[in-house]
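Down below is the structure, laid out as structure tokens.
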Protein chains: 2
Amino acid sequence: VQTVADLTEAELIDRIRQKLPPRPEWLLVDIGDDAAVVTPARNRLEVLTVDAIVDGVHVDRRFTPAAAIGYRAVAVNLSDLAAMGAEPRLALLSLGLPADVTLEDFDSLVGAAASVAARHQLHLVGGNLTRTPGPLVVDVTAAGSVKARQVLTRSGARPGDELYLTGTIGAAAAGLEMLRENVRRADLRRADLLGPPDPPTCVDRYLYPEPRLRAGLLLGRNRAATACIDLSDGLGDAVRRLAESSGVGAVVDASVLPIDPEADRWFGGRGTDPVGAAISRGDDYELLFTVRPRRRGALKAVSRHGGTPLTRIGVCTENRALLLRRDGSDQPLPAGYDHFR
Amino acid sequence: VQTVADLTEAELIDRIRQKLPPRPEWLLVDIGDDAAVVTPARNRLEVLTVDAIVDGVHVDRRFTPAAAIGYRAVAVNLSDLAAMGAEPRLALLSLGLPADVTLEDFDSLVGAAASVAARHQLHLVGGNLTRTPGPLVVDVTAAGSVKARQVLTRSGARPGDELYLTGTIGAAAAGLEMLRENVRRADLRRADLLGPPDPPTCVDRYLYPEPRLRAGLLLGRNRAATACIDLSDGLGDAVRRLAESSGVGAVVDASVLPIDPEADRWFGGRGTDPVGAAISRGDDYELLFTVRPRRRGALKAVSRHGGTPLTRIGVCTENRALLLRRDGSDQPLPAGYDHFR
């Protein structure tokens, strides 16, 4: 079996180049020079983010196909752009490749990264390849654009603002458990991702999280949200970060949480509290945002065209405590998952 | 001894933030949100590049101080911007931290990265921290700006254009050998870098390469150069890449190569051909560029204000061969160093 160690850097870069769509007009110099040269978007701010996927920390190559790793590295950055209300524009891909990565896996990883990027108008403009004696590392920097008055940050929430969530939660955590326990192995080799599976299963939700770009864009455009954050490390973590940045507390209502039905059954059948799992585990990549009650009407268009249902799950409070209201009593909101520790 | 594993991600981010200069006006949202938000530079193109430093591949923590690793991760990206004629603007820092990195090393690494960035008006606007079971990885994405007609690329050289080099070569390769052989250990703990040591030794040149930003900027502004590239993987590699992108060949004159005198003595004293070492080994981060003979006059200002001497080392040819002219006969130009293999 051929591995990446059998090819030169130039040959691998060529394989990446073949997977890219035609160069957009604003991209003047791309892969193959010392740096990429682009024309900035007119009259817009630029939004920049970077996220790394490390084998053994964020994913596990033993049960995560290479396509899902490449997909995820791009999708988590798209999710950050979504949380800022930004439109995707360009990305740089930095790959740390151990010698045991097969050429087939390299092609799948790069192909899925290129495919999800292209689906969201994110152009790969450059990157870096290096070998590494350690685990596979996929580091993606992404840039988007947004109009000045439409930027979403974490810090605009005020007491009384209502907390909303896109989509459903818990599915990715359940999917990860299923994968760890070797469920549905046959599903895992889909290298070509033309769109999200419909309806997605928990395993799909873990492997191929859908960044909520349309919803984030509409929230910014309609000036519907006062603050926004994505759920990379779980709802508990996102509520805490948004509340800290905004200087508020929050009460989340357990009874209305949009827990994915398959995840609910999975956790319930194994004696795990579905509410606790859905709050404290990560990888969902939904958006958490806050809305002033009198701007609630502006959410209609987001509900209709945002590509995902919205659920009101709680409220921001003057009291800085973070609480989960459940069966009539308030308890501390479970914390999120700390990828770093 | 405290290591990075004893702190939370938030505490480490705080330590980074403390090392940053005040936020420039164009930086609207920085570290601490889902992404950074910046106002693009007016009427300029944006230049983007990414480079990773991996322990065991690009550096060796056994004899490279943490400060030099942080410095290098930023400097290699600055060198790419220099090669495009761009002014540095912003960077994102993605760190993969093994649990054994001491807090002292973390502070040195981040401090040196922040210091060399600030010295060149490069603002750290965001980043990512992750733990890793593998080697230390420092991935930096940098963005600069350049006027449309002042971009330098690799592809503009024509037969008859003369090849020039900034500074001297061979020093970094000699410095690396000295470090490997345990020379000058006492010099290695300089964590505070206010400027390049004067005069720099070979060890300094390896540990703290000076990106040729001023020279690159002036070459672009004066429209003196037809093509430009930096020397990350050696002169042989740079000549090959520039020649391939431009569709030309080249003859390099061994007798005029600006080999660092200390490196010349080091290699000479050990039975290594200094010319071969200076061409085939990497890490010099000088600029190689081409000049149309009738534009030679435009180099005066670059010589005077570029902060580094310029040396004419050869000429581009219609014949696509890459040759080294030495003692009256032509031989194939030695190849550069392939970091990937």
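The way I read the labels, and the way they are meant: chains A, B, ... in the order of the structure tokens, residue 1 as the first residue of every chain, and ligand 1 as the first ligand shown, with later ones counted on from there.
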Would you kindly report the residues of chain B within 7 Å of chain A, using only C-alpha atoms, as number ranges by chain?
B: 5, 8-9, 33-40, 45-51, 54, 57, 80, 83-84, 92, 94, 126-128, 130-132, 134-135, 153-154, 229, 340-341
Members of range 4-64 of chain B assigned helix (DSSP H, G or I) by DSSP, as a list in words:
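The helix (DSSP H, G or I) subset of range 4-64 of chain B is Val4, Ala5, Asp6, Glu9, Ala10, Glu11, Leu12, Ile13, Asp14, Arg15, Ile16 and Arg17 of chain B.
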For the residues selected in the previous step, produce a file with C-alpha atoms as a CSV table (one decimal), in the first residue's frame.
```csv
chain,number,residue,atom,x,y,z
B,4,VAL,CA,1.2,23.5,30.5
B,5,ALA,CA,-0.8,20.5,31.7
B,6,ASP,CA,-1.2,22.2,35.1
B,9,GLU,CA,-6.8,26.6,28.3
B,10,ALA,CA,-8.2,29.9,29.5
B,11,GLU,CA,-5.2,30.5,31.8
B,12,LEU,CA,-2.7,29.8,29.0
B,13,ILE,CA,-4.6,32.2,26.7
B,14,ASP,CA,-4.4,34.8,29.4
B,15,ARG,CA,-0.6,34.4,29.6
B,16,ILE,CA,-0.4,34.9,25.8
B,17,ARG,CA,-2.7,38.0,26.0
```
### Message
I'd like to know which of A:Ala118, A:Leu213, A:Ala171, A:Val252 is closest to Thr308 in chain A, using only C-alpha atoms.
### Response
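The shortest atom-to-atom distance to Thr308 in chain A comes from A:Leu213.
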From CA of Ala172 in chain A to CA of Thr102 in chain A the spacing works out at 26.9 Å
Exercise. Skip Ala301 in chain B itself and residues of its chain fewer than 4 positions away, then list as a ChimeraX atom specification all residues within 8 Å of it, counting only C-alpha atoms.
Key: /B:218,305-306
Take the residues from that selection and put them in a file with N, CA, C and O atoms, as an mmCIF file, in the first residue's frame.
```cif
data_model
loop_
_atom_site.group_PDB
_atom_site.id
_atom_site.type_symbol
_atom_site.label_atom_id
_atom_site.label_comp_id
_atom_site.auth_asym_id
_atom_site.auth_seq_id
_atom_site.Cartn_x
_atom_site.Cartn_y
_atom_site.Cartn_z
ATOM 1 N N LEU B 218 11.120 47.032 -0.454
ATOM 2 C CA LEU B 218 11.734 47.984 -1.386
ATOM 3 C C LEU B 218 11.831 47.400 -2.789
ATOM 4 O O LEU B 218 11.652 48.113 -3.781
ATOM 5 N N HIS B 305 18.938 51.057 1.668
ATOM 6 C CA HIS B 305 17.952 51.094 2.755
ATOM 7 C C HIS B 305 17.363 49.722 3.098
ATOM 8 O O HIS B 305 16.496 49.618 3.957
ATOM 9 N N GLY B 306 17.802 48.679 2.418
ATOM 10 C CA GLY B 306 17.183 47.363 2.605
ATOM 11 C C GLY B 306 17.684 46.607 3.822
ATOM 12 O O GLY B 306 17.156 45.552 4.152
#
```
